[in-house]
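Okay, structure first, notes after.
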Amino acid sequence: MVVGDISTGTELLVVGGGPGGYVAAIRAGQLDVDVTLVEADAYGGTCLNEGCIPSKALIHVATLADEVESAEAMGLHARADVDMQGLVDWKDGVVDQLTSGVEKLCKANGVSLVEGRAEFVDGETARIAHGGEGQGSETVTFDSAVIATGSRPIELPGVEFDGEHILDSSDVLDLRSVPESMTVVGGGYIGMELSTMLAKLGCDVTIVEMLDDILPGYTEDITRLVRNRAESLGVAFSFGERATGWEPAGDGVRLDTETEDGETASYTAENVLVAVGREGAADTCNVEALGLEPRNDGTLETDATTQTSVDGIYAVGDVAGEPMLAHKAYREGHVAAEVVAGEPSRLDYQAIPSAVFTDPEIGTVGLTEAEAEAEGFDPVVGEMPLRASGRALTLGADEGFVRIVADAETGFVLGGQIVGPEAAELVAEVGLAIELGARLEDIAATVHTHPTLSEAVAEAAANARDSAIHTLNR
Amino acid sequence: MVVGDISTGTELLVVGGGPGGYVAAIRAGQLDVDVTLVEADAYGGTCLNEGCIPSKALIHVATLADEVESAEAMGLHARADVDMQGLVDWKDGVVDQLTSGVEKLCKANGVSLVEGRAEFVDGETARIAHGGEGQGSETVTFDSAVIATGSRPIELPGVEFDGEHILDSSDVLDLRSVPESMTVVGGGYIGMELSTMLAKLGCDVTIVEMLDDILPGYTEDITRLVRNRAESLGVAFSFGERATGWEPAGDGVRLDTETEDGETASYTAENVLVAVGREGAADTCNVEALGLEPRNDGTLETDATTQTSVDGIYAVGDVAGEPMLAHKAYREGHVAAEVVAGEPSRLDYQAIPSAVFTDPEIGTVGLTEAEAEAEGFDPVVGEMPLRASGRALTLGADEGFVRIVADAETGFVLGGQIVGPEAAELVAEVGLAIELGARLEDIAATVHTHPTLSEAVAEAAANARDSAIHTLNR
Amino acid sequence: AAPTGADGRVFAAPSTRRLARELGVDIAAVDGSGPGGRVTEADVRAAADATDTVESGADDAPPSGDDADTDDTDDDVRSAVRRVDEEADDGGSDATPD
Ligand SMILES: Cc1cc2nc3c(=O)[nH]c(=O)nc-3n(C[C@H](O)[C@H](O)[C@H](O)COP(=O)(O)OP(=O)(O)OC[C@H]3O[C@@H](n4cnc5c(N)ncnc54)[C@H](O)[C@@H]3O)c2cc1C
Ligand SMILES: Cc1cc2nc3c(=O)[nH]c(=O)nc-3n(C[C@H](O)[C@H](O)[C@H](O)COP(=O)(O)OP(=O)(O)OC[C@H]3O[C@@H](n4cnc5c(N)ncnc54)[C@H](O)[C@@H]3O)c2cc1C
């Protein structure tokens, strides 16, 4: 191969090999589009390498260790030690298996893979700089392009990441030992998931959050359960404080904070995790050459076909804005590919579910009661507390609930909020009901296996119709 | 109260307070039917007291202990000891909580509760003999009656239950210590669930089964996974052998068996569990006085309204025949009550899901490929292996799959077979799809949360349409 | 293996099947206009109207109304009427591949 001199043409250029990009590329390949996927770093993007997958792998093991050590009441006496290096090695193996799977699936679907960083030169040309010294670059011409460059953690002025004292979520997923203590800035879902995981592994965690509660966007009856459980795991909370700077302190870090009223405080711990949100990475590929202007948060505006304001240029995943979730990226990648292939595809979902893998777990989809009201519905709400669920009790879990929101007049299911074991799985059925325009009666009339947590979904639907059996009706 | 002299009238008499009976009673109460529920033993019936709930409680803890002890590859080093007495005490607490919940729910819905054994005197009268010596009896007249007397384990001639050497499933759920060894007769779902649980608690289990595989009704690609895992837990299998008799042997039991060809063998263990199926208990309440004749298996024939051949006499749950599952009992109880209340209710479900809480877990609903063919469909099948599921890998689970069966022409979802973690939960979504007349596209187009096992349901549906992303299409 | 429903296999939502019983319509005999031939509530209502005009009801299901006097049932009948229009345009999902 002559380095630096290659020029190829492709129908579709996909920039970024995360969930948005690799799905766009695979789907395009399936539809016989000639497609090239460029990835600067690692196939699978944030999700597989330093997001969803590694975090859930670590959370699973930490939870198992904690669960088994707190099962005395069940007659189970156990002592569990987590060797962090071993845990991270195992996690790396899982990641490798999945990233090499993505590579294989791309190839099997006819996607041309190029490693390197792509930058747009103009509306039909990009240069790809290959990684490493002297690896050269190549030029690719394209008919259409999908920008799937993802996002990165937001940096706090005065508390910049250094990988040693001030960590981002990726650093925490690669710890070689469990720190004795950690100050976590940010009580959003990433901060809460990692804090819970660290606490279960024996780390003393203090969460500093600017707002006055964790998990913005969730109602207080949900956040309370997560907060209480985190507290019982030893997590401390400081609300209403903004991190302003830090100093080394002994072997650790002293983090300084300030309230709105100017009161200051400081927290000393082995290190600090800053998890205050993510911003789009539209700035990695010179989108200006396409005539595109990223928004302030680094994301690009798109329409229901995922197209940007420039014809033939699409953006998917985190770089296309909130919600920054892998499955939203998947769907956008899917639609982008189909639109490029000439299919009448649209982002026409009714709802994008979300999960938070805290303890308890949260799964939500569609509208809450308040959101339904705001949309002009007259909502009816059904609920099944898990303490009335036989399956939950056999799992030693009795905190949490399944709540279903529907339109009172028609019975159409509008949303679901689930807190408890497997909440992220259970919400799938509610999501299907929403997409299908199903009614409460349809869920309630579907026979659910006993004993399962999914029965609570049916009971919540029945409860909204005053016909629940295993919980009192209103 | 004058003992033995009371005579009351009720619109609806429900005989038996298990899942079939208590649901019938509660639902009738909700619909303002004057209803009396008679239970001879314990509210909640087999399901809560000696079936679904206690078995799943024990299975959960045994699985937790086994899982955590086999997690070295994940960096988790643990030693777990189960104190069987403590485990059973905890389980009893769960059972008490649920049975007292059933009692409360009955009362809150206006159900009159009577403890005692009911026997029919004629088509409008029953006598209720109160438990215990000299507790007397009372007479109840009724307009309609629901027979919900459940089922009991089938006894093997020559290997009768004695609660000491020859155990039934209830005895196993009340063990005060883990036996060193057990011979299990019967590889059906109860035999397999309890064998797996015992093996995980350290008991040497040998399963003797008359047929040539476990779990009749399941395809070999499913039974193989369960068999292999059981074997790796130390369970031994002897197929094609019938238990013929037993002898005490030292502190244990020698069980004798015979093949169809007359070859004999014997198995010695601390005790024997016989789990060869259950038969209806239509004989506990003198149904002959109603003009009813139980079938050979002790069950009663019913129609789509749950009515027996006698007007106004209904039968629900195990006593109404296969499948003998709690959620089938629930549904029948529900329909019986609504029919009695004059509602146009019918048993009109398309599918009753089933779960087997072995390792791996199995969840199925609707038709298999072969069944779909037999019903005249031209089936298309989609599959997602769990080794391609990110969520499964983060759980350390990579055996199993989600399979969806649909009609090729219309795409209507006809069935699902799921093997792996949370299979019993995941099958709920497929069940809803079947009941709603949803198509493969509807499941595939519903956004599923990442990373979850439920994504595999969507990928299996997409696979049947040749558009799966995370697994190769055919 | 699970048994099929006692009324046979019909591709229609449980709420639609219940409506058919309330209206005395034999849903198995209704031609579905929904995706793949799914029977919609509008189909059931049209079948009921057609039956009404020839003044004969299916004898399989009890009539709705008077003796089904729970709040549940009455609500559903009312709400189902309003939903006919919405249901009628769900054939459009055919247009989106995958
Ligand atoms: C700790 C953590 C936990 C998370 N947990 C979850 C979860 O449980 N569920 C969930 O749904 N989401 C979760 N997320 C979010 C999820 O990871 C993202 O939403 C998802 O990865 C977005 O996919 P994407 O394809 O848009 O971008 P990314 O995954 O960020 O991929 C972008 C890719 O583009 C490459 N790239 C960038 N610029 C260029 C260029 N110029 N040329 C070539 N390549 C380029 C990058 O190297 C990267 O591989 C989590 C995130 C984090 C950080
Ligand atoms: C070990 C085991 C595990 C199981 N696991 C599952 C599972 O995971 N999922 C599942 O769906 N099913 C499971 N089952 C099956 C489930 O328990 C039954 O299907 C269910 O209990 C049937 O409910 P029922 O109301 O018909 O009868 P039962 O639960 O048997 O209740 C009948 C009740 O009637 C009472 N009674 C009988 N005769 C009279 C009389 N003459 N007068 C007054 N009272 C009377 C009895 O005392 C009893 O309480 C399991 C069963 C066993 C044994």
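Here's how to read the names in the structure tokens: chain A, B, ... by the order shown, residue numbers from 1 in each chain, ligand numbers from 1 in the order shown.
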
Which chains and residue numbers are within 7 Å of ligand 2, counting only C-alpha atoms and all ligand atoms, if I want them as a ChimeraX atom specification?
/A:449-451 /B:15-21,38-47,50-52,55-56,116-119,148-152,169-170,190,281,284-285,316-319,324-327,329,355-357

Serialized selection, N, CA and C atoms, as a compact mmCIF listing (two decimals), in the first residue's frame:
# COMPACT_ATOMS: atom_id res chain seq x y z
N THR A 449 -46.66 -15.09 32.97
CA THR A 449 -46.14 -16.25 33.72
C THR A 449 -46.06 -15.97 35.22
N HIS A 450 -46.43 -16.96 36.01
CA HIS A 450 -46.24 -16.89 37.46
C HIS A 450 -45.11 -17.84 37.85
N PRO A 451 -44.23 -17.53 38.78
CA PRO A 451 -44.10 -16.21 39.39
C PRO A 451 -43.04 -15.41 38.66
N VAL B 15 -64.84 -23.27 46.16
CA VAL B 15 -64.25 -24.34 46.96
C VAL B 15 -62.76 -24.44 46.64
N GLY B 16 -61.92 -24.02 47.57
CA GLY B 16 -60.48 -24.08 47.37
C GLY B 16 -59.90 -22.68 47.24
N GLY B 17 -58.90 -22.36 48.07
CA GLY B 17 -58.35 -21.01 48.12
C GLY B 17 -56.97 -20.89 47.51
N GLY B 18 -56.68 -21.69 46.48
CA GLY B 18 -55.43 -21.52 45.72
C GLY B 18 -55.60 -20.43 44.67
N PRO B 19 -54.64 -20.33 43.75
CA PRO B 19 -54.68 -19.28 42.72
C PRO B 19 -55.98 -19.26 41.92
N GLY B 20 -56.53 -20.42 41.62
CA GLY B 20 -57.79 -20.44 40.89
C GLY B 20 -58.92 -19.91 41.75
N GLY B 21 -59.01 -20.42 42.96
CA GLY B 21 -60.12 -20.08 43.83
C GLY B 21 -60.06 -18.66 44.37
N VAL B 38 -64.19 -21.17 50.56
CA VAL B 38 -63.90 -22.19 51.57
C VAL B 38 -62.53 -22.79 51.30
N GLU B 39 -61.69 -22.79 52.30
CA GLU B 39 -60.35 -23.37 52.15
C GLU B 39 -60.11 -24.34 53.32
N ALA B 40 -59.71 -25.56 52.97
CA ALA B 40 -59.54 -26.61 53.97
C ALA B 40 -58.21 -26.51 54.69
N ASP B 41 -57.24 -25.90 54.03
CA ASP B 41 -55.88 -26.01 54.57
C ASP B 41 -55.24 -24.63 54.71
N ALA B 42 -54.72 -24.07 53.66
CA ALA B 42 -54.00 -22.79 53.76
C ALA B 42 -54.31 -21.94 52.54
N TYR B 43 -54.63 -20.65 52.79
CA TYR B 43 -54.88 -19.73 51.68
C TYR B 43 -53.65 -19.67 50.77
N GLY B 44 -53.93 -19.60 49.49
CA GLY B 44 -52.83 -19.56 48.53
C GLY B 44 -52.57 -20.92 47.90
N GLY B 45 -53.11 -21.97 48.50
CA GLY B 45 -53.06 -23.30 47.90
C GLY B 45 -51.65 -23.82 47.70
N THR B 46 -51.51 -24.70 46.73
CA THR B 46 -50.22 -25.30 46.42
C THR B 46 -49.21 -24.22 46.05
N CYS B 47 -49.64 -23.29 45.23
CA CYS B 47 -48.75 -22.29 44.67
C CYS B 47 -47.98 -21.54 45.75
N GLU B 50 -46.65 -24.60 48.82
CA GLU B 50 -45.72 -25.69 48.54
C GLU B 50 -45.42 -25.84 47.05
N GLY B 51 -45.55 -24.74 46.32
CA GLY B 51 -45.31 -24.84 44.88
C GLY B 51 -44.42 -23.72 44.38
N CYS B 52 -45.02 -22.88 43.53
CA CYS B 52 -44.27 -21.82 42.84
C CYS B 52 -43.39 -21.00 43.77
N SER B 55 -40.61 -22.87 45.98
CA SER B 55 -39.56 -23.43 45.13
C SER B 55 -38.68 -22.32 44.56
N LYS B 56 -39.30 -21.22 44.12
CA LYS B 56 -38.49 -20.16 43.54
C LYS B 56 -37.64 -19.45 44.60
N GLY B 116 -62.44 -24.71 56.26
CA GLY B 116 -63.02 -26.04 56.40
C GLY B 116 -63.02 -26.76 55.06
N ARG B 117 -63.46 -28.00 55.10
CA ARG B 117 -63.51 -28.80 53.88
C ARG B 117 -64.94 -28.83 53.38
N ALA B 118 -65.13 -28.42 52.13
CA ALA B 118 -66.48 -28.39 51.57
C ALA B 118 -66.78 -29.68 50.82
N GLU B 119 -67.99 -30.17 51.01
CA GLU B 119 -68.48 -31.29 50.20
C GLU B 119 -69.87 -30.94 49.69
N ALA B 148 -62.33 -25.32 42.78
CA ALA B 148 -60.93 -24.92 42.58
C ALA B 148 -60.08 -25.71 43.57
N THR B 149 -60.26 -27.02 43.53
CA THR B 149 -59.64 -27.87 44.55
C THR B 149 -58.23 -28.31 44.18
N GLY B 150 -57.75 -27.90 43.02
CA GLY B 150 -56.34 -28.09 42.72
C GLY B 150 -55.93 -29.49 42.32
N SER B 151 -54.74 -29.85 42.72
CA SER B 151 -54.15 -31.12 42.31
C SER B 151 -53.24 -31.64 43.42
N ARG B 152 -52.78 -32.86 43.23
CA ARG B 152 -51.82 -33.44 44.18
C ARG B 152 -50.80 -34.26 43.39
N SER B 169 -42.61 -33.20 46.42
CA SER B 169 -41.96 -31.89 46.27
C SER B 169 -42.13 -31.05 47.53
N SER B 170 -43.27 -31.16 48.19
CA SER B 170 -43.48 -30.36 49.41
C SER B 170 -42.46 -30.71 50.48
N ILE B 190 -40.80 -29.94 37.58
CA ILE B 190 -40.61 -29.90 39.04
C ILE B 190 -39.37 -30.69 39.44
N ALA B 281 -57.62 -32.87 41.78
CA ALA B 281 -58.20 -33.24 43.08
C ALA B 281 -59.71 -32.98 43.08
N THR B 284 -62.19 -34.33 46.24
CA THR B 284 -62.20 -33.90 47.65
C THR B 284 -63.54 -33.32 48.07
N CYS B 285 -64.44 -33.08 47.12
CA CYS B 285 -65.63 -32.30 47.49
C CYS B 285 -66.94 -32.94 47.00
N VAL B 316 -61.97 -24.41 37.87
CA VAL B 316 -60.82 -23.60 37.43
C VAL B 316 -59.54 -24.15 38.03
N GLY B 317 -58.43 -23.85 37.37
CA GLY B 317 -57.12 -24.22 37.90
C GLY B 317 -56.77 -25.66 37.59
N ASP B 318 -55.91 -26.22 38.40
CA ASP B 318 -55.40 -27.57 38.14
C ASP B 318 -56.53 -28.60 38.00
N VAL B 319 -57.60 -28.42 38.75
CA VAL B 319 -58.70 -29.40 38.70
C VAL B 319 -59.44 -29.33 37.36
N MET B 324 -51.20 -27.36 34.11
CA MET B 324 -51.40 -27.11 35.54
C MET B 324 -50.42 -26.03 36.00
N LEU B 325 -50.80 -24.80 35.77
CA LEU B 325 -49.94 -23.65 36.07
C LEU B 325 -50.76 -22.59 36.80
N ALA B 326 -50.10 -21.92 37.72
CA ALA B 326 -50.80 -20.94 38.54
C ALA B 326 -51.45 -19.85 37.69
N HIS B 327 -50.75 -19.38 36.66
CA HIS B 327 -51.32 -18.26 35.89
C HIS B 327 -52.47 -18.72 35.00
N ALA B 329 -54.55 -20.93 36.22
CA ALA B 329 -55.58 -20.92 37.27
C ALA B 329 -56.11 -19.51 37.49
N ALA B 355 -42.81 -21.23 32.19
CA ALA B 355 -41.41 -21.04 32.53
C ALA B 355 -40.90 -22.26 33.27
N VAL B 356 -39.64 -22.54 33.10
CA VAL B 356 -38.98 -23.56 33.90
C VAL B 356 -37.77 -22.88 34.54
N PHE B 357 -37.75 -22.90 35.88
CA PHE B 357 -36.72 -22.16 36.60
C PHE B 357 -35.50 -23.03 36.86

Need to verify the contact set: region 23-30 of chain B, 8 Å, only C-alpha atoms, exclusion of same-chain residues closer than 2 positions in sequence. Can you return it as a VMD selection string?
(chain A and resid 467 469) or (chain B and resid 14 19 to 21 32 to 37 105 to 106 109 to 111 146 330 332 to 338 340 to 341)

Distance criterion (only C-alpha atoms and all ligand atoms): nearest to ligand 1 out of A:Ala73, A:Leu113, A:Val68, A:Leu12:
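Nearest candidate to ligand 1 out of A:Ala73, A:Leu113, A:Val68, A:Leu12: A:Leu113.
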
I'd like to know which residues of region 161-231 of chain A are alpha helix (DSSP H) (by DSSP, run on the backbone); could you write them as JSON, numbers by chain?
{"A": [169, 170, 171, 172, 189, 190, 191, 192, 193, 194, 195, 196, 197, 198, 199, 200, 220, 221, 222, 223, 224, 225, 226, 227, 228, 229, 230, 231]}

Quick one: residues within 12 Å of Gly37 (chain C), only C-alpha atoms, excluding same-chain residues fewer than 2 positions away - as a list of chain:residue names?
B:Glu409, B:Thr410, B:Gly411, B:Phe412, B:Gly437, B:Ala438, B:Arg439, C:Val10, C:Phe11, C:Ala12, C:Ala28, C:Val30, C:Asp31, C:Gly32, C:Ser33, C:Gly34, C:Pro35, C:Val39, C:Thr40, C:Asp43, C:Asp90, C:Gly91, C:Asp94

Keeping only C-alpha atoms, write the selected residues as an mmCIF file, in the first residue's frame.
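Saved the output as selection04.cif:
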data_model
loop_
_atom_site.group_PDB
_atom_site.id
_atom_site.type_symbol
_atom_site.label_atom_id
_atom_site.label_comp_id
_atom_site.auth_asym_id
_atom_site.auth_seq_id
_atom_site.Cartn_x
_atom_site.Cartn_y
_atom_site.Cartn_z
ATOM 1 C CA GLU B 409 -46.872 -14.379 4.933
ATOM 2 C CA THR B 410 -48.284 -11.868 7.396
ATOM 3 C CA GLY B 411 -45.429 -11.554 9.870
ATOM 4 C CA PHE B 412 -47.808 -12.261 12.769
ATOM 5 C CA GLY B 437 -51.773 -9.710 16.745
ATOM 6 C CA ALA B 438 -48.483 -7.865 16.410
ATOM 7 C CA ARG B 439 -46.089 -8.509 13.587
ATOM 8 C CA VAL C 10 -57.801 -14.601 15.717
ATOM 9 C CA PHE C 11 -55.346 -11.798 15.090
ATOM 10 C CA ALA C 12 -56.942 -9.049 17.120
ATOM 11 C CA ALA C 28 -63.552 -15.395 13.574
ATOM 12 C CA VAL C 30 -64.705 -10.897 10.421
ATOM 13 C CA ASP C 31 -62.321 -9.899 7.631
ATOM 14 C CA GLY C 32 -59.526 -7.855 9.138
ATOM 15 C CA SER C 33 -58.549 -4.567 7.533
ATOM 16 C CA GLY C 34 -55.513 -3.974 9.762
ATOM 17 C CA PRO C 35 -51.879 -4.752 8.987
ATOM 18 C CA VAL C 39 -59.054 -7.419 12.936
ATOM 19 C CA THR C 40 -59.520 -3.901 14.263
ATOM 20 C CA ASP C 43 -63.916 -3.982 11.597
ATOM 21 C CA ASP C 90 -53.126 2.246 11.440
ATOM 22 C CA GLY C 91 -52.823 0.457 8.149
ATOM 23 C CA ASP C 94 -47.273 -1.127 6.278
#

Can you tell me, as a list in words, what residues are no more than 6 Å from Ala468 (chain A) when counting only C-alpha atoms, ignoring any on the same chain fewer than 4 positions away?
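In the requested format, the answer is Glu459, Ala462 and Asn463 of chain A.
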
Contacts of Ile27 (chain C) at 12 Å or less, counting only C-alpha atoms, minus same-chain residues fewer than 2 places along, as JSON, numbers by chain?
{"B": [348], "C": [7, 8, 9, 10, 11, 12, 13, 14, 15, 16, 17, 18, 19, 20, 21, 22, 23, 24, 25, 29, 30, 31, 32, 38, 39, 40, 41, 42, 43, 44, 45, 46, 47, 48, 58, 60, 61]}

Any idea which chain B residues end up within 9 Å of chain C if we count only C-alpha atoms, as a ChimeraX atom specification please?
/B:31,217-218,303-304,323,341-354,364-368,371,409-412,434-442,444-445,462,465,467

Taking only C-alpha atoms and all ligand atoms into account, name the residue in B:Glu263, B:Thr394, B:Arg387, B:Ala456 that is nearest to ligand 1.
B:Thr394
